[in-house]
Each structure stands twice: as structure tokens, then as C-alpha cells.
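Engineer: Sending over upload-v8.cif (mmCIF, C-alpha atoms).
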data_work
#
loop_
_atom_site.label_atom_id
_atom_site.label_comp_id
_atom_site.auth_asym_id
_atom_site.auth_seq_id
_atom_site.Cartn_x
_atom_site.Cartn_y
_atom_site.Cartn_z
CA LEU A 4 88.00 143.95 -7.05
CA TRP A 5 88.43 147.62 -6.16
CA GLU A 6 85.43 147.69 -3.83
CA ARG A 7 86.64 144.57 -2.02
CA ILE A 8 90.11 146.05 -1.55
CA ALA A 9 88.65 149.33 -0.29
CA ARG A 10 86.29 147.53 2.13
CA THR A 11 89.04 145.28 3.49
CA LEU A 12 91.43 148.18 4.12
CA GLU A 13 88.69 150.13 5.90
CA LEU A 14 87.72 147.09 8.00
CA GLY A 15 91.31 146.83 9.20
CA GLY A 16 91.47 150.55 9.98
CA LEU A 17 94.31 150.88 7.49
CA ALA A 18 92.77 153.41 5.08
CA SER A 19 89.58 155.24 4.22
CA GLY A 20 87.51 153.19 1.80
CA GLN A 21 86.43 156.33 -0.06
CA ALA A 22 90.03 157.45 -0.45
CA VAL A 23 90.97 154.03 -1.86
CA LEU A 24 88.09 154.10 -4.36
CA SER A 25 89.06 157.64 -5.34
CA ALA A 26 92.62 156.45 -6.01
CA PHE A 27 91.32 153.59 -8.18
CA THR A 28 89.15 156.04 -10.13
CA GLU A 29 92.33 157.93 -10.98
CA VAL A 30 94.04 154.64 -11.91
CA ARG A 31 91.31 154.02 -14.50
CA ARG A 32 92.19 157.38 -16.08
CA THR A 33 96.01 157.36 -15.78
CA GLY A 34 96.93 153.67 -15.47
CA LYS A 35 99.38 154.48 -12.64
CA VAL A 36 98.57 152.73 -9.36
CA ALA A 37 101.48 153.97 -7.23
CA ALA A 38 101.06 157.65 -8.16
CA ALA A 39 97.31 157.61 -7.53
CA PHE A 40 97.71 156.07 -4.06
CA GLU A 41 100.69 158.14 -2.96
CA ALA A 42 98.92 161.38 -3.97
CA ARG A 43 96.30 160.55 -1.29
CA GLY A 44 98.79 159.52 1.37
CA LEU A 45 98.04 155.82 0.85
CA ASP A 46 100.49 152.94 0.60
CA PRO A 47 100.08 151.31 -2.85
CA SER A 48 101.70 148.08 -1.59
CA MET A 49 98.55 147.40 0.46
CA ALA A 50 96.41 147.25 -2.67
CA VAL A 51 99.01 145.06 -4.39
CA GLU A 52 99.14 142.62 -1.45
CA LEU A 53 95.36 142.26 -1.38
CA ALA A 54 95.24 141.84 -5.16
CA ARG A 55 97.83 139.06 -4.85
CA GLU A 56 95.63 137.36 -2.24
CA GLU A 57 92.69 137.65 -4.66
CA LEU A 58 94.77 136.07 -7.40
CA TYR A 59 95.90 133.12 -5.27
CA GLY A 60 92.37 132.52 -4.02
CA ALA A 61 90.79 132.76 -7.48
CA VAL A 62 93.20 130.28 -9.08
CA ALA A 63 92.89 127.85 -6.15
CA ASP A 64 89.07 128.06 -6.18
CA LEU A 65 88.81 127.54 -9.94
CA THR A 66 91.17 124.58 -9.77
CA GLN A 67 89.24 123.02 -6.88
CA ALA A 68 85.98 123.48 -8.80
CA GLN A 69 87.42 121.23 -11.55
CA GLY A 70 85.46 123.21 -14.11
CA GLY A 71 87.34 126.48 -13.99
CA ARG A 72 88.66 128.00 -17.20
CA PHE A 73 91.75 130.19 -17.36
CA HIS A 74 92.55 132.74 -20.03
CA TRP A 75 96.14 134.04 -20.07
CA THR A 76 96.83 137.02 -22.31
CA GLU A 77 99.56 139.58 -22.92
CA ASP A 78 97.06 142.07 -24.36
CA PRO A 79 97.85 145.39 -22.63
CA ASP A 80 94.35 146.77 -23.29
CA ARG A 81 92.58 146.45 -19.94
CA GLY A 82 89.55 148.44 -21.11
CA GLY A 83 87.14 149.12 -18.28
CA ASP A 84 88.34 146.24 -16.13
CA GLU A 85 89.18 146.76 -12.47
CA TRP A 86 92.83 145.74 -12.20
CA VAL A 87 95.88 146.07 -9.97
CA GLU A 88 99.34 145.35 -11.35
CA VAL A 89 100.98 142.46 -9.47
CA ASP A 90 104.58 141.46 -10.18
CA LEU A 91 104.27 137.68 -9.96
CA GLN A 92 105.72 134.90 -12.08
CA LEU A 93 103.10 132.55 -13.55
CA ARG A 94 105.01 129.50 -12.25
CA HIS A 95 104.97 130.88 -8.72
CA LEU A 96 101.24 131.65 -8.94
CA LEU A 97 100.41 128.11 -10.06
CA PHE A 98 102.66 126.48 -7.47
CA GLU A 99 101.22 128.59 -4.65
CA ALA A 100 97.66 127.72 -5.75
CA MET A 101 98.56 124.01 -5.76
CA ARG A 102 100.07 124.37 -2.29
CA TRP A 103 96.82 125.94 -1.07
CA LEU A 104 94.89 122.95 -2.41
CA ASP A 105 97.34 120.43 -0.90
CA GLU A 106 96.97 121.96 2.56
CA GLN A 107 93.25 122.76 2.43
CA GLY A 108 92.26 119.31 3.75
CA ASP A 109 93.97 119.91 7.10
CA ILE A 110 92.47 123.41 7.29
CA GLU A 111 88.94 122.10 6.66
CA LYS A 112 89.36 119.51 9.42
CA ALA A 113 90.23 122.28 11.88
CA LEU A 114 87.68 124.84 10.62
CA PRO A 115 84.75 122.90 9.13
CA LEU A 116 81.88 125.27 10.06
CA ASP A 117 81.14 128.90 9.21
CA SER A 118 79.46 129.25 12.62
CA MET A 119 82.77 128.82 14.50
CA THR A 120 83.71 131.99 16.38
CA VAL A 121 87.15 133.51 15.91
CA ARG A 122 88.53 135.72 18.67
CA ALA A 123 91.80 137.66 18.50
CA LEU A 124 94.34 137.00 21.25
CA THR A 125 96.79 139.73 20.19
CA GLU A 126 96.57 143.13 18.56
CA ALA A 127 97.32 143.69 14.89
CA SER A 128 100.89 144.86 14.27
CA PRO A 129 102.59 146.29 11.15
CA GLU A 130 104.99 143.36 10.70
CA LEU A 131 102.11 140.93 10.08
CA PRO A 132 100.70 140.19 6.60
CA LEU A 133 97.86 142.51 5.66
CA LEU A 134 95.00 140.00 5.88
CA HIS A 135 96.26 138.81 9.26
CA ARG A 136 96.07 142.40 10.52
CA VAL A 137 92.54 142.83 9.17
CA ILE A 138 91.34 139.55 10.72
CA LEU A 139 92.80 140.42 14.13
CA THR A 140 91.10 143.83 14.02
CA VAL A 141 87.70 142.49 12.95
CA CYS A 142 87.82 139.62 15.45
CA GLU A 143 88.86 141.73 18.43
CA ASN A 144 85.52 141.03 20.15
CA GLY A 145 84.81 137.75 18.34
CA GLN A 146 83.34 137.07 14.91
CA ASN A 147 82.15 133.87 13.27
CA LEU A 148 83.86 132.60 10.15
CA GLY A 149 80.88 133.17 7.87
CA LYS A 150 80.43 136.83 8.80
CA LEU A 151 84.19 137.38 8.68
CA ARG A 152 84.34 136.03 5.11
CA LEU A 153 81.33 138.08 3.96
CA SER A 154 82.62 141.28 5.54
CA MET A 155 85.99 140.97 3.77
CA GLY A 156 84.46 139.76 0.51
CA VAL A 157 87.08 137.06 -0.05
CA SER A 158 86.66 133.33 -0.74
CA ARG A 159 86.11 130.80 2.02
CA MET A 160 89.46 129.17 1.20
CA THR A 161 91.28 132.47 1.63
CA THR A 162 89.52 133.22 4.92
CA THR A 163 90.02 129.81 6.50
CA ARG A 164 93.65 129.62 5.37
CA ARG A 165 94.57 132.93 6.99
CA VAL A 166 92.60 132.15 10.17
CA PHE A 167 94.31 128.75 10.36
CA GLU A 168 97.72 130.45 10.10
CA LEU A 169 96.80 132.77 12.98
CA LEU A 170 95.45 129.81 14.97
CA ARG A 171 98.72 127.95 14.45
CA GLN A 172 100.65 131.02 15.62
CA ARG A 173 98.44 131.28 18.75
CA LYS A 174 97.26 134.75 17.71
CA VAL A 175 93.57 133.77 17.62
CA GLU A 176 91.36 131.19 19.29
CA VAL A 177 88.51 129.45 17.50
CA GLU A 178 85.69 127.92 19.53
CA GLY A 179 85.46 124.21 18.79
CA ALA A 180 88.72 124.02 16.82
CA PRO A 181 91.24 121.34 17.82
CA SER A 182 94.71 122.24 18.97
CA VAL A 183 96.89 122.89 15.92
CA ASP A 184 100.56 121.97 16.09
CA VAL A 185 103.05 123.92 14.04
CA ASP A 186 104.33 121.94 11.06
CA PRO A 187 107.98 123.05 10.76
CA VAL A 188 108.08 122.18 7.05
CA VAL A 189 105.00 124.27 6.27
CA ASP A 190 106.39 127.11 8.37
CA MET A 191 109.69 127.07 6.46
CA LEU A 192 107.88 126.83 3.11
CA GLU A 193 105.88 129.94 3.96
CA LYS A 194 109.04 131.82 4.94
CA GLY A 195 110.67 130.66 1.71
CA ALA A 196 107.68 131.85 -0.32
CA VAL A 197 108.08 135.32 1.19
CA LEU A 198 111.76 135.36 0.21
CA VAL A 199 110.87 134.38 -3.38
CA ARG A 200 108.27 137.16 -3.62
CA GLU A 201 110.94 139.60 -2.40
CA ARG A 202 113.38 138.26 -5.05
CA GLN A 203 115.82 137.04 -2.37
CA PHE A 204 116.57 133.88 -4.33
CA GLU A 205 119.88 133.05 -2.68
CA ALA A 206 118.31 133.10 0.79
CA ALA A 207 115.29 131.10 -0.42
CA GLY A 208 117.61 128.53 -2.00
CA LEU A 209 119.46 128.06 1.30
CA VAL A 210 116.16 127.51 3.11
CA PHE A 211 115.02 124.82 0.71
CA GLN A 212 118.39 123.10 0.47
CA ALA A 213 118.33 122.77 4.27
CA LEU A 214 114.80 121.32 4.09
CA LEU A 215 115.85 118.90 1.36
CA ALA A 216 118.80 117.71 3.42
CA SER A 217 116.52 117.02 6.40
CA ASP A 218 113.79 115.23 4.40
CA PRO A 219 114.72 114.43 0.77
CA ALA A 220 111.47 112.50 0.24
CA ASP A 221 109.12 115.42 0.95
CA ARG A 222 107.38 116.21 -2.36
CA ARG A 223 106.40 119.75 -1.28
CA VAL A 224 110.01 120.69 -0.63
CA ARG A 225 111.31 119.15 -3.89
CA GLU A 226 108.69 120.96 -5.97
CA PHE A 227 109.25 124.27 -4.23
CA THR A 228 113.02 123.95 -4.62
CA ARG A 229 112.59 123.42 -8.37
CA MET A 230 110.25 126.40 -8.56
CA VAL A 231 112.74 128.66 -6.72
CA GLU A 232 115.47 127.64 -9.16
CA ARG A 233 113.26 128.37 -12.17
CA GLU A 234 112.32 131.77 -10.76
CA HIS A 235 115.98 132.57 -10.08
CA VAL A 236 116.96 131.57 -13.64
CA ALA A 237 114.16 133.72 -15.09
CA ALA A 238 115.27 136.71 -12.99
CA LEU A 239 118.89 136.31 -14.13
CA TYR A 240 117.80 136.13 -17.78
CA ARG A 241 116.01 139.46 -17.29
CA GLU A 242 119.33 140.88 -16.12
CA LEU A 243 121.37 139.09 -18.82
CA PRO A 244 119.10 138.36 -21.83
CA PRO A 245 119.86 135.18 -23.83
CA LEU A 246 121.00 137.17 -26.89
CA TYR A 247 123.25 139.52 -24.90
CA VAL A 248 126.87 139.08 -26.06
CA PRO A 249 129.28 139.67 -23.14
CA ALA A 250 132.98 140.34 -23.32
CA LEU A 251 135.63 140.12 -20.61
CA VAL A 252 137.46 143.19 -19.35
CA ASP A 253 141.19 142.67 -18.90
CA ASP A 254 141.52 142.99 -15.12
CA ALA A 255 144.07 140.49 -13.80
CA ASP A 256 143.57 141.41 -10.14
CA ALA A 257 139.81 140.87 -10.26
CA LEU A 258 140.08 137.66 -12.28
CA SER A 259 142.63 136.22 -9.86
CA MET A 260 139.92 136.25 -7.16
CA LEU A 261 137.69 133.85 -9.09
CA ARG A 262 137.22 130.20 -8.18
CA PRO A 263 138.32 127.54 -10.74
CA GLU A 264 134.76 126.91 -11.98
CA GLU A 265 134.24 130.67 -12.36
CA ARG A 266 137.47 130.98 -14.35
CA HIS A 267 136.16 128.28 -16.70
CA ILE A 268 133.00 130.35 -17.35
CA ALA A 269 135.06 133.52 -17.76
CA SER A 270 137.17 131.74 -20.38
CA LEU A 271 134.03 131.31 -22.51
CA LEU A 272 133.52 135.08 -22.84
CA ASN A 273 135.09 135.53 -26.26
CA GLY A 274 133.04 138.52 -27.44
CA ARG A 275 131.25 136.37 -30.03
CA TRP A 276 129.07 134.00 -28.00
CA ASP A 277 125.82 135.21 -26.50
CA VAL A 278 124.57 134.24 -23.05
CA SER A 279 122.52 131.26 -24.25
CA THR A 280 125.55 129.82 -26.10
CA ILE A 281 127.76 130.28 -23.02
CA VAL A 282 125.18 128.46 -20.89
CA LEU A 283 125.19 125.53 -23.32
CA ALA A 284 128.99 125.44 -23.51
CA SER A 285 129.53 125.66 -19.77
CA GLN A 286 130.28 122.51 -17.79
CA ASN A 287 128.25 123.98 -14.91
CA ARG A 288 124.48 123.98 -14.46
CA GLU A 289 122.42 126.74 -16.06
CA LEU A 290 121.73 128.52 -12.76
CA GLU A 291 125.37 128.41 -11.64
CA THR A 292 126.57 129.73 -15.00
CA LEU A 293 124.11 132.64 -14.94
CA LYS A 294 124.97 133.45 -11.33
CA CYS A 295 128.64 133.56 -12.28
CA LEU A 296 127.95 135.90 -15.23
CA ALA A 297 125.92 138.17 -12.94
CA LYS A 298 128.80 138.16 -10.44
CA LEU A 299 131.31 139.09 -13.15
CA ARG A 300 129.05 141.93 -14.18
CA ARG A 301 128.88 143.22 -10.59
CA MET A 302 132.69 143.01 -10.38
CA GLY A 303 132.93 145.23 -13.44
CA VAL A 304 134.83 142.68 -15.54
CA LEU A 305 131.94 141.89 -17.89
CA GLN A 306 130.69 144.29 -20.53
CA GLU A 307 128.71 144.12 -23.75
CA ALA A 308 130.78 143.18 -26.79
CA THR A 309 131.29 145.99 -29.28
CA ALA A 310 130.10 143.86 -32.18
CA PRO A 311 127.26 141.61 -30.99
CA VAL A 312 126.55 138.47 -32.96
CA THR A 313 123.33 138.41 -34.99
CA ARG A 314 121.55 135.10 -34.91
CA ARG A 315 119.76 133.82 -37.98
#
Could I get this file's structure written as C-alpha cells?
Structural biologist:
Amino acid sequence: LWERIARTLELGGLASGQAVLSAFTEVRRTGKVAAAFEARGLDPSMAVELAREELYGAVADLTQAQGGRFHWTEDPDRGGDEWVEVDLQLRHLLFEAMRWLDEQGDIEKALPLDSMTVRALTEASPELPLLHRVILTVCENGQNLGKLRLSMGVSRMTTTRRVFELLRQRKVEVEGAPSVDVDPVVDMLEKGAVLVRERQFEAAGLVFQALLASDPADRRVREFTRMVEREHVAALYRELPPLYVPALVDDADALSMLRPEERHIASLLNGRWDVSTIVLASQNRELETLKCLAKLRRMGVLQEATAPVTRR
């Protein structure tokens, strides 16, 4: 993993491969990725982004193989393994891998041969995803798909997917590839996925609600909308754990600004019920109840009860 990340960053002219490997050597000793990279003037987010790409590609490839085996563990002992810490919910990882598989058929139709030559039409720019920048740099004078994949050391699915995205955006041309029209749904799903990764759940929710309103029958949109909601709920439970017992601060001015449904949730804060009990007692959906509790906390009218309830 570390060698592939170092080689990819050097290919894109983004960092010295030796400096990246030196940073990873320190990571093996200290366990701190960010500190090791920053000490060498490197951006640790680049390693994290490439590790995330590796994770998506690995899960998608193993699923496609139909014989892949997965081992999930919470064991913190990484031993001598080469690892990069990636903050990613398991549900999001699995959904993204399934999305890759769903869309791979169209990508294979457009890019069936490793001998097809990819040529960059624009220069790499900082606002682009990391692999897009690397591909544009490597393909400045033309490069076939097979050599591109081998030089970056990533799977064929990862390579073709990112080239297809650039082809759709008219940033590369591929000899022999058909004209690719932009699918507005896929484009919005990709933008929504970025928002989820950045924990901008409210914005992602608005994107997918708009997509649902335009095409309620689209399975991709329905599944992604459910995933966004689950991720948002999980994030709110990290902020307000299920066993946290909240109490209401007596602030009439602040409480007068609440909507009727929010006042109902506020009325459940009796200093004895924990968050999970309040969610069950609320007439609103789980997500809406948790969002309201988080809002009350930001307003300063929610605090931890002095005598939390102990569950048996």
C-alpha cells in the first residue's frame, strides 16, 4: 500500500516518493500519520484520499470476483501491516462499492480494451480529485490504459472508472471510445457522495430529496438517500450518545423561538430520560428528533442532567 501511494504521488508530481516512504517509516514507529507527513512538508490528506480509493477498489473487486472474503475487526494491533487511517463508515464503504459495480457495465462498454490511448485535454488543477490530477499528468502526451494502470498500481476498475469520469467531463479523450453523455443523476450522486464524506449531511440530504422528487422510482437515489440518513443518525449519536441524559435549561426567550414539533421534543427533556428513550417517546422520526436535540444543544438550552439514569 505505502509503495503504491508513494509511486502515485510522485507520478502526479505531487510529492517525492522517497519522502512519502520516509513518512510511512515513521508512521510504523509512532502510529501518527498526520505528524509524520507534516514534519516533511507533505499533505497527509493526499495519502488518506489514495488509501480511500484503494479501499473502494478492493471491496468492489472482491465483490465482483464472487469469491472474495472479508474480515472486519476492531483489533487495534496493526502489527507490521502497512496501513493508513481512513475515517469512513462501513455502510458508506459498502454502498459506494455497490455503486461502482452497478455502473461498471457502462464503463466497460466505453473502455473495453487496455490498448486504448488516453490523452489529457486540460492540465491538472488542485480542485480536482487526486487520481484525476495524476491521470491528467501521466496522460499529458498520451498513455494507454494498460500502462496507466500498471504505472499507478491500482486495479483496472479504479483506473477505468476515473478515466471514464474525466472522459465524461471532457477533460480527456480516449481513442476509439464512444461519445459519453453526462448522466445528471450520476453526476448529482457523485456530488452527494462528496458531501457525505465531508459530513455535510444537511446539504447531502437536500441533494437527494431533490433527486427523489424528480424521479421517485430510481433505485440508486432511494438507496443513497437511506444511506445518507443512516450516516447522519450515526454522526448525531456520536455527538449525543444513546445513554446521555439531557436536561432543559430554563431560558424562556430561547424556547419561544422553537417550532411546535421542537417544543414537543423539548418537553420530553425531564432530566431522567436518556437520548434513546426520548427518541422512542418522540412523535417525530429518529433523525428529526436527534437533529432537534443537537439544535437545542447548540442554542445552549440543553445540558447533561446532574443525576444521570443508570440502566440495568
Engineer: To one decimal in Å, tell me the separation between CA of Val62 (chain A) and CA of Ala206 (chain A).
Structural biologist: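 For CA of Val62 (chain A) relative to CA of Ala206 (chain A), the distance reads 27.1 Å.
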Engineer: Name the residues that the PyMOL selection byres ((chain A and resi 157-170) around 8) pulls out of this structure, and write them as a ChimeraX atom specification.
Structural biologist: /A:7,56-57,60-61,64,107,110-111,113-114,134-135,138,148,151-153,155-156,171-177,183
Engineer: Excluding Leu243 (chain A) and its own-chain neighbours fewer than 3 positions away, which residues fall within 10 Å of it when counting all atoms listed in the file? Please give them as a list of chain:residue names.
Structural biologist: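 In the requested form, the answer reads A:Ala237, A:Ala238, A:Leu239, A:Tyr240, A:Leu246, A:Tyr247, A:Val248, A:Pro249, A:Asp277, A:Val278, A:Ser279, A:Leu293, A:Leu296, A:Ala297, A:Arg300.
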Engineer: Could you name the residues that touch region 281-284 of chain A at 10 Å or less, counting all atoms listed in the file, but leaving out those on the same chain fewer than 3 positions away, as a ChimeraX atom specification?
Structural biologist: /A:245,248-249,268-273,275-278,287-293,296
Engineer: Evaluating the PyMOL selection byres ((chain A and resi 19) around 12) on the displayed file yields which residues, as a ChimeraX atom specification?
Structural biologist: /A:6,8-18,20-26,40,43-46
Engineer: For CA of Ala50 (chain A) and CA of Thr33 (chain A), quote the distance in Å rounded to one decimal.
Structural biologist: 16.6 Å
